[in-house]
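Novice: Encoded as structure tokens, here's the structure I'll be asking about.
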Amino acid sequence: MTNLNTQVAIIGGGPAGLLLSQLLHLGGVDSVLLERRTRAYVESRIRAGVLESGTVELLARAGLSTQVEQHALFHDGFNICFEGNCFRADLKALTGTPVVVYGQTEITRDLYQLRLGAGARILFEAEDVALHDFNSDRPRLTYRTGTGSGEVRCEFIAGCDGSHGVSRTSVPADAITVYEQSLPYGWLGILSGTPPVDDELIYSRSSRGFALCSMRSRALSRYYVQCPISDQLDEWPDDRFWDELRHRIPEWAAARLVTGPSIEKSIAPLRSFVAEPMRFGRLLLAGDAAHIVPPTGAKGLNLAAADAGELASALLLHYRERDDSGLENYSANALRRAWNAVRFSWWMTMLTHRLGDEFSDRVQRAEFELLRRSHAAAELLAKSYCGTALG
Ligand code: APR
Ligand code: PHB
């Protein structure tokens with residue numbers, strides 16, 4: 001049996017757990033991180049890719065500014081189209097700030113490199129992680145790896161283990177409330193080693209359903225189409241995907257589309273989920289462990305990073321100043337941020353997806369008209385997208 005002692009035990013080595021561990025390390029607080037998968041598995045997961053400026057600042061605080069500056073793409077706007085007619089949300093003019101395209105895959109890779117380079121204690125393939133005594137001053141984790149079982153004694157547990165993790169489900173049912181809504185659609189996404197169809201993202205609501213043209217770099221495209229959530233990947237060979245995408249995007253974009261074999265293909269659900277509160281004694285939840293938003297507003301990764309940043313600051317205040325106000329306010333602040341992201345992601349989903357009834361079609365048409373004609377409406381969209389709507 002291996003026994004480890006640390007200040008903060010972190011469950012989950014996705015962006016939330018890694019960023020938290022790095023920010024704590026830079027502030028002089030020790031952590032041990034337990035990750036269920038291998039490093040290669042986590043680093044190869046294709047996930048989100050659009051960063052708010054607040055997230056970029058946090059990554060810079062964590063020591064990643066060189067990587068982001070060298071490899072990220074800076075976007076001053078994006079297109080949002082309704083049956084072929086496009087409105088460009090001019091983010092720079094409406095908010096004063098661009099968004100940054102840099103993949104979660106890259107962030108995860110960069111953070112593992114920094115943490116492991118600094119000798120961090122990260123245990124991969126940690127199975128059967130169990131949480132104990134988080135309502136006391138002496139919480140513990142137990143786990144198993146290929147070399148045997150172990151225990152981590154700590155002062156705090158950070159539950160950063162995503163929506164299917166063990167942290168949230170370890171809380172007694174009567175201490176937690178979950179709010180949830182799902183749509184019967186998913187996003188079928190592919191990654192392709194082809195140049196993006198445009199310099200900026202295109203969100204397109206067509207009569208055949210939603211499509212999104214995104215990217216990871218000038219040579220790597222990420223495209224999505226709305227599909228029934230019951231669809232299986234083998235129903236979507238590459239040719240069918242490209243054909244459907246071409247029909248759902250504006251003609252000027254379809255004419256430029258370069259297709260190629262998919263590198264990755266997956267279906268993601270359109271689901272909102274918030275668990276309240278996010279603190280239970282000495283257990284604090286962060287990122288997807290506490291909340292999921294539909295991908296339409298590109299908020300999931302930004303929320304996970306913001307939680308990690310706030311939790312790191314709260315723990316540093318506790319250790320450096322013996323001041324617990326950050327920990328006391330953490331759950332309320334993080335939930336306010338999460339619900340605002342849910343609100344926006346839900347709104348943008350309702351605006352851009354084919355919902356299958358004429359009433360919704362008419363409401364969407366009116367909403368697009370409003371975006372075109374009202375500066376206030378365009379400004380709220382732009383500020384919500386950039387993460388500055390609440391100031
Ligand atoms: N024990 C240890 N690790 C676990 C366990 C467990 N029982 N369960 C899950 N994990 C690990 C997963 O393998 C994963 O690496 O926790 C990590 C959680 O990472 P993410 O799911 O990426 O969640 P988070 O760090 O909060 O980042 C949220 O990910 O899903 C996207 O769109 C979302 O961009 C957002 C981001
Ligand atoms: C992505 O590139 O994966 C992406 C971009 C914008 C979104 C969602 C996902 O709104």
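Quick note on naming: the chains in the structure tokens go A, B, ... in the order shown, residues restart at 1 in each chain, and ligands are numbered from 1 in order of appearance.
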Counting only C-alpha atoms and all ligand atoms, name the residues that have an atom within 6 Å of an atom of ligand 1; the answer should be given as a PyMOL selection string.

Specialist: chain A and resi 11-17+34-37+42+47-48+129+160-162+164-166+287-289+300-301+304

Novice: Neighbours of ligand 2 at 6 Å or closer, counting only C-alpha atoms and all ligand atoms: which residues, as a list of chain:residue names?

Specialist: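 What falls inside 6 Å of ligand 2 is A:Arg47, A:Ala48, A:Gly49, A:Val50, A:Ser214, A:Met215, A:Arg222, A:Pro295, A:Thr296, A:Gly297, A:Ala298.
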
Novice: Restricting the calculation to only C-alpha atoms: of A:Phe368, A:Phe273, A:Tyr102, A:Phe82, which residue gets closest to Arg218 in chain A?

Specialist: A:Tyr102

Novice: For range 377-385 of chain A, find every residue with an atom within 10 Å (counting only C-alpha atoms), except residues of its own chain fewer than 5 positions away, and show them as a PyMOL selection string.

Specialist: chain A and resi 50-52+77-78+87-99+297-299+340-341+343-345+347-348+367-372+390-391

Novice: Using the selection just defined, write its residues with N, CA and C atoms as a tab-separated table (two decimals), in the first residue's frame.

Specialist:
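Written file, out_32.tsv:
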```tsv
chain	number	residue	atom	x	y	z
A	50	VAL	N	-12.34	27.03	-28.71
A	50	VAL	CA	-12.42	28.50	-28.76
A	50	VAL	C	-12.26	29.07	-27.34
A	51	LEU	N	-11.30	29.96	-27.16
A	51	LEU	CA	-10.99	30.49	-25.83
A	51	LEU	C	-11.39	31.95	-25.70
A	52	GLU	N	-12.03	32.26	-24.56
A	52	GLU	CA	-12.29	33.67	-24.22
A	52	GLU	C	-10.98	34.31	-23.78
A	77	GLY	N	-13.96	38.01	-35.31
A	77	GLY	CA	-15.41	37.90	-35.53
A	77	GLY	C	-15.78	36.48	-35.90
A	78	PHE	N	-17.09	36.22	-36.05
A	78	PHE	CA	-17.57	34.94	-36.60
A	78	PHE	C	-18.85	35.20	-37.36
A	87	PHE	N	-24.74	36.96	-40.98
A	87	PHE	CA	-24.51	38.15	-40.17
A	87	PHE	C	-23.14	37.93	-39.53
A	88	ARG	N	-22.26	38.91	-39.68
A	88	ARG	CA	-20.94	38.75	-39.04
A	88	ARG	C	-20.94	39.44	-37.70
A	89	ALA	N	-20.73	38.68	-36.66
A	89	ALA	CA	-20.58	39.28	-35.33
A	89	ALA	C	-19.15	39.81	-35.25
A	90	ASP	N	-19.03	41.13	-35.27
A	90	ASP	CA	-17.71	41.77	-35.26
A	90	ASP	C	-17.27	41.90	-33.80
A	91	LEU	N	-16.59	40.87	-33.33
A	91	LEU	CA	-16.25	40.80	-31.90
A	91	LEU	C	-15.35	41.96	-31.50
A	92	LYS	N	-14.40	42.27	-32.35
A	92	LYS	CA	-13.44	43.33	-32.03
A	92	LYS	C	-14.17	44.67	-31.85
A	93	ALA	N	-15.09	44.98	-32.80
A	93	ALA	CA	-15.80	46.27	-32.72
A	93	ALA	C	-16.81	46.27	-31.58
A	94	LEU	N	-17.46	45.12	-31.35
A	94	LEU	CA	-18.55	45.10	-30.37
A	94	LEU	C	-18.08	44.87	-28.94
A	95	THR	N	-16.90	44.28	-28.79
A	95	THR	CA	-16.44	43.97	-27.42
A	95	THR	C	-15.02	44.48	-27.15
A	96	GLY	N	-14.30	44.80	-28.20
A	96	GLY	CA	-12.91	45.24	-28.02
A	96	GLY	C	-11.93	44.09	-27.86
A	97	THR	N	-12.43	42.85	-27.94
A	97	THR	CA	-11.52	41.72	-27.74
A	97	THR	C	-11.80	40.60	-28.74
A	98	PRO	N	-10.77	39.93	-29.23
A	98	PRO	CA	-11.00	38.79	-30.12
A	98	PRO	C	-11.23	37.52	-29.30
A	99	VAL	N	-11.58	36.41	-29.97
A	99	VAL	CA	-11.48	35.11	-29.31
A	99	VAL	C	-10.27	34.39	-29.90
A	297	GLY	N	-22.21	27.41	-27.73
A	297	GLY	CA	-21.58	28.69	-27.39
A	297	GLY	C	-20.09	28.57	-27.12
A	298	ALA	N	-19.51	27.37	-27.25
A	298	ALA	CA	-18.08	27.11	-26.98
A	298	ALA	C	-17.69	27.49	-25.55
A	299	LYS	N	-18.56	27.19	-24.60
A	299	LYS	CA	-18.32	27.64	-23.22
A	299	LYS	C	-17.70	26.58	-22.30
A	340	ASN	N	-24.97	31.49	-16.28
A	340	ASN	CA	-24.91	32.46	-17.37
A	340	ASN	C	-24.45	31.78	-18.67
A	341	ALA	N	-23.51	30.85	-18.55
A	341	ALA	CA	-23.06	30.10	-19.74
A	341	ALA	C	-24.17	29.17	-20.23
A	343	ARG	N	-27.38	29.71	-19.92
A	343	ARG	CA	-28.34	30.61	-20.56
A	343	ARG	C	-27.91	30.91	-22.01
A	344	PHE	N	-26.66	31.29	-22.18
A	344	PHE	CA	-26.19	31.68	-23.51
A	344	PHE	C	-26.14	30.47	-24.46
A	345	SER	N	-25.61	29.35	-23.96
A	345	SER	CA	-25.47	28.16	-24.82
A	345	SER	C	-26.85	27.66	-25.24
A	347	TRP	N	-29.58	29.52	-25.49
A	347	TRP	CA	-30.13	30.50	-26.44
A	347	TRP	C	-29.54	30.29	-27.83
A	348	MET	N	-28.22	30.13	-27.89
A	348	MET	CA	-27.57	29.99	-29.20
A	348	MET	C	-27.96	28.66	-29.87
A	367	GLU	N	-35.50	36.37	-34.56
A	367	GLU	CA	-34.29	36.59	-33.75
A	367	GLU	C	-33.10	36.98	-34.64
A	368	PHE	N	-32.97	36.33	-35.81
A	368	PHE	CA	-31.91	36.70	-36.74
A	368	PHE	C	-32.09	38.13	-37.24
A	369	GLU	N	-33.35	38.49	-37.50
A	369	GLU	CA	-33.66	39.85	-37.95
A	369	GLU	C	-33.24	40.85	-36.87
A	370	LEU	N	-33.51	40.48	-35.62
A	370	LEU	CA	-33.15	41.36	-34.50
A	370	LEU	C	-31.63	41.56	-34.44
A	371	LEU	N	-30.88	40.47	-34.65
A	371	LEU	CA	-29.41	40.56	-34.61
A	371	LEU	C	-28.90	41.51	-35.69
A	372	ARG	N	-29.52	41.44	-36.84
A	372	ARG	CA	-29.10	42.28	-37.95
A	372	ARG	C	-29.43	43.75	-37.72
A	390	LEU	N	-21.20	39.94	-18.52
A	390	LEU	CA	-21.49	40.34	-17.13
A	390	LEU	C	-20.46	41.34	-16.61
A	391	GLY	N	-19.65	41.87	-17.51
A	391	GLY	CA	-18.69	42.89	-17.10
A	391	GLY	C	-17.36	42.31	-16.70
```

Novice: Assign secondary structure with DSSP using the backbone only, and return the residues of range 320-361 of chain A in alpha helix (DSSP H) as a ChimeraX atom specification.

Specialist: /A:320-321,325-352,358-361

Novice: Which residues of range 140-247 of chain A come within 9 Å of range 110-128 of chain A, and for each one, what is the closest pair of atoms and their distance in Å to one decimal, counting only C-alpha atoms, sorted by chain and residue number, as JSON lines?

Specialist:
```
{"residue": "A:Thr142", "atom": "CA", "partner": "A:Asp128", "partner_atom": "CA", "distance": 7.7}
{"residue": "A:Tyr143", "atom": "CA", "partner": "A:Asp128", "partner_atom": "CA", "distance": 5.3}
{"residue": "A:Arg144", "atom": "CA", "partner": "A:Glu127", "partner_atom": "CA", "distance": 5.0}
{"residue": "A:Thr145", "atom": "CA", "partner": "A:Ala126", "partner_atom": "CA", "distance": 5.1}
{"residue": "A:Gly146", "atom": "CA", "partner": "A:Glu125", "partner_atom": "CA", "distance": 7.8}
{"residue": "A:Val166", "atom": "CA", "partner": "A:Asp128", "partner_atom": "CA", "distance": 8.8}
```

Novice: Could the residues in this selection be saved with N, CA, C and O atoms as an mmCIF file, in the first residue's frame?

Specialist:
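Final output, saved to again.cif:
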```
data_model
loop_
_atom_site.group_PDB
_atom_site.id
_atom_site.type_symbol
_atom_site.label_atom_id
_atom_site.label_comp_id
_atom_site.auth_asym_id
_atom_site.auth_seq_id
_atom_site.Cartn_x
_atom_site.Cartn_y
_atom_site.Cartn_z
ATOM 1 N N THR A 142 -8.693 6.860 -1.684
ATOM 2 C CA THR A 142 -8.039 5.572 -1.916
ATOM 3 C C THR A 142 -8.157 5.232 -3.388
ATOM 4 O O THR A 142 -9.071 5.711 -4.071
ATOM 5 N N TYR A 143 -7.226 4.436 -3.906
ATOM 6 C CA TYR A 143 -7.216 4.110 -5.332
ATOM 7 C C TYR A 143 -6.429 2.829 -5.552
ATOM 8 O O TYR A 143 -5.793 2.301 -4.611
ATOM 9 N N ARG A 144 -6.442 2.358 -6.772
ATOM 10 C CA ARG A 144 -5.694 1.169 -7.157
ATOM 11 C C ARG A 144 -4.986 1.456 -8.476
ATOM 12 O O ARG A 144 -5.556 2.128 -9.343
ATOM 13 N N THR A 145 -3.738 1.002 -8.610
ATOM 14 C CA THR A 145 -3.072 1.062 -9.935
ATOM 15 C C THR A 145 -2.534 -0.335 -10.226
ATOM 16 O O THR A 145 -2.696 -1.247 -9.383
ATOM 17 N N GLY A 146 -1.848 -0.486 -11.377
ATOM 18 C CA GLY A 146 -1.286 -1.781 -11.729
ATOM 19 C C GLY A 146 -0.316 -2.301 -10.681
ATOM 20 O O GLY A 146 -0.093 -3.508 -10.559
ATOM 21 N N VAL A 166 -16.283 10.361 -10.302
ATOM 22 C CA VAL A 166 -16.712 9.773 -9.039
ATOM 23 C C VAL A 166 -16.992 10.850 -7.974
ATOM 24 O O VAL A 166 -17.705 10.598 -6.995
#
```

Novice: Hey, which of A:Gly356, A:Pro196, A:Gly54, A:Gly150 ends up closest to Leu212 in chain A? Count only C-alpha atoms.

Specialist: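 Looking at the shortest contact to Leu212 in chain A, the residue is A:Pro196.
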
Novice: Please indicate the distance in Å from CA of Ala312 in chain A to CA of Leu335 in chain A, rounded to one decimal place.

Specialist: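 Value for the CA of Ala312 in chain A-CA of Leu335 in chain A distance: 16.2 Å.
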
Novice: Please list as a PDB file with N, CA and C atoms, in the first residue's frame every residue within 10 Å of range 135-137 of chain A, counting only C-alpha atoms and excluding residues in the same chain fewer than 6 positions away.

Specialist:
```pdb
ATOM      1  N   CYS A 154      -4.945  14.212   2.563  1.00  0.00           N
ATOM      2  CA  CYS A 154      -4.876  15.586   2.062  1.00  0.00           C
ATOM      3  C   CYS A 154      -5.673  16.529   2.967  1.00  0.00           C
ATOM      4  N   GLU A 155      -5.687  17.810   2.576  1.00  0.00           N
ATOM      5  CA  GLU A 155      -6.482  18.800   3.316  1.00  0.00           C
ATOM      6  C   GLU A 155      -7.726  19.206   2.528  1.00  0.00           C
ATOM      7  N   PHE A 156      -7.632  19.125   1.206  1.00  0.00           N
ATOM      8  CA  PHE A 156      -8.783  19.407   0.335  1.00  0.00           C
ATOM      9  C   PHE A 156      -8.798  18.396  -0.799  1.00  0.00           C
ATOM     10  N   PHE A 280     -18.715  20.850  -0.825  1.00  0.00           N
ATOM     11  CA  PHE A 280     -19.259  20.002   0.228  1.00  0.00           C
ATOM     12  C   PHE A 280     -18.142  19.822   1.246  1.00  0.00           C
ATOM     13  N   GLY A 281     -18.121  20.659   2.272  1.00  0.00           N
ATOM     14  CA  GLY A 281     -17.030  20.600   3.245  1.00  0.00           C
ATOM     15  C   GLY A 281     -15.711  20.845   2.542  1.00  0.00           C
ATOM     16  N   ARG A 282     -14.827  19.829   2.550  1.00  0.00           N
ATOM     17  CA  ARG A 282     -13.500  19.999   1.924  1.00  0.00           C
ATOM     18  C   ARG A 282     -13.411  19.373   0.533  1.00  0.00           C
ATOM     19  N   LEU A 283     -14.562  19.078  -0.040  1.00  0.00           N
ATOM     20  CA  LEU A 283     -14.609  18.640  -1.450  1.00  0.00           C
ATOM     21  C   LEU A 283     -15.154  19.795  -2.299  1.00  0.00           C
TER      22      LEU A 283
END
```

Novice: Residues near Arg61 in chain A, anyone? I mean within 10 Å using only C-alpha atoms, not counting same-chain ones fewer than 2 positions away, as a PDB file with N, CA and C atoms, in the first residue's frame.

Specialist:
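Saved result, result-v4.pdb, follows:
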```pdb
ATOM      1  N   LEU A  19      -4.922  22.541 -14.866  1.00  0.00           N
ATOM      2  CA  LEU A  19      -4.710  23.979 -14.661  1.00  0.00           C
ATOM      3  C   LEU A  19      -4.682  24.290 -13.164  1.00  0.00           C
ATOM      4  N   GLN A  22      -1.332  23.221 -11.765  1.00  0.00           N
ATOM      5  CA  GLN A  22      -0.244  24.109 -12.176  1.00  0.00           C
ATOM      6  C   GLN A  22      -0.306  25.446 -11.416  1.00  0.00           C
ATOM      7  N   LEU A  23      -1.505  26.017 -11.284  1.00  0.00           N
ATOM      8  CA  LEU A  23      -1.627  27.313 -10.586  1.00  0.00           C
ATOM      9  C   LEU A  23      -1.284  27.155  -9.100  1.00  0.00           C
ATOM     10  N   LEU A  26       2.530  26.918  -8.852  1.00  0.00           N
ATOM     11  CA  LEU A  26       3.194  28.227  -9.004  1.00  0.00           C
ATOM     12  C   LEU A  26       3.017  29.079  -7.755  1.00  0.00           C
ATOM     13  N   THR A  55      -9.742  33.244 -20.416  1.00  0.00           N
ATOM     14  CA  THR A  55      -9.085  31.926 -20.382  1.00  0.00           C
ATOM     15  C   THR A  55      -7.639  32.058 -20.846  1.00  0.00           C
ATOM     16  N   VAL A  56      -7.432  32.889 -21.874  1.00  0.00           N
ATOM     17  CA  VAL A  56      -6.065  33.094 -22.374  1.00  0.00           C
ATOM     18  C   VAL A  56      -5.199  33.727 -21.276  1.00  0.00           C
ATOM     19  N   GLU A  57      -5.781  34.671 -20.523  1.00  0.00           N
ATOM     20  CA  GLU A  57      -5.026  35.291 -19.416  1.00  0.00           C
ATOM     21  C   GLU A  57      -4.660  34.253 -18.356  1.00  0.00           C
ATOM     22  N   LEU A  58      -5.624  33.359 -18.072  1.00  0.00           N
ATOM     23  CA  LEU A  58      -5.341  32.313 -17.082  1.00  0.00           C
ATOM     24  C   LEU A  58      -4.231  31.374 -17.550  1.00  0.00           C
ATOM     25  N   LEU A  59      -4.285  31.026 -18.838  1.00  0.00           N
ATOM     26  CA  LEU A  59      -3.245  30.141 -19.378  1.00  0.00           C
ATOM     27  C   LEU A  59      -1.886  30.830 -19.313  1.00  0.00           C
ATOM     28  N   GLY A  63       1.691  29.878 -17.303  1.00  0.00           N
ATOM     29  CA  GLY A  63       2.993  29.704 -17.968  1.00  0.00           C
ATOM     30  C   GLY A  63       2.902  29.244 -19.408  1.00  0.00           C
ATOM     31  N   LEU A  64       1.714  29.386 -20.036  1.00  0.00           N
ATOM     32  CA  LEU A  64       1.557  28.889 -21.406  1.00  0.00           C
ATOM     33  C   LEU A  64       1.514  29.993 -22.462  1.00  0.00           C
ATOM     34  N   SER A  65       1.933  31.229 -22.107  1.00  0.00           N
ATOM     35  CA  SER A  65       1.746  32.305 -23.088  1.00  0.00           C
ATOM     36  C   SER A  65       2.539  32.061 -24.373  1.00  0.00           C
ATOM     37  N   GLY A 309      -9.273  28.470 -12.150  1.00  0.00           N
ATOM     38  CA  GLY A 309      -8.599  29.713 -11.761  1.00  0.00           C
ATOM     39  C   GLY A 309      -9.132  30.231 -10.441  1.00  0.00           C
TER      40      GLY A 309
END
```

Novice: Pick out the closest residue to Ala338 in chain A from this set: A:Asp133, A:Glu276, A:Glu321, A:Asp357. Count only C-alpha atoms.

Specialist: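 Smallest separation from Ala338 in chain A among the options: A:Glu276.
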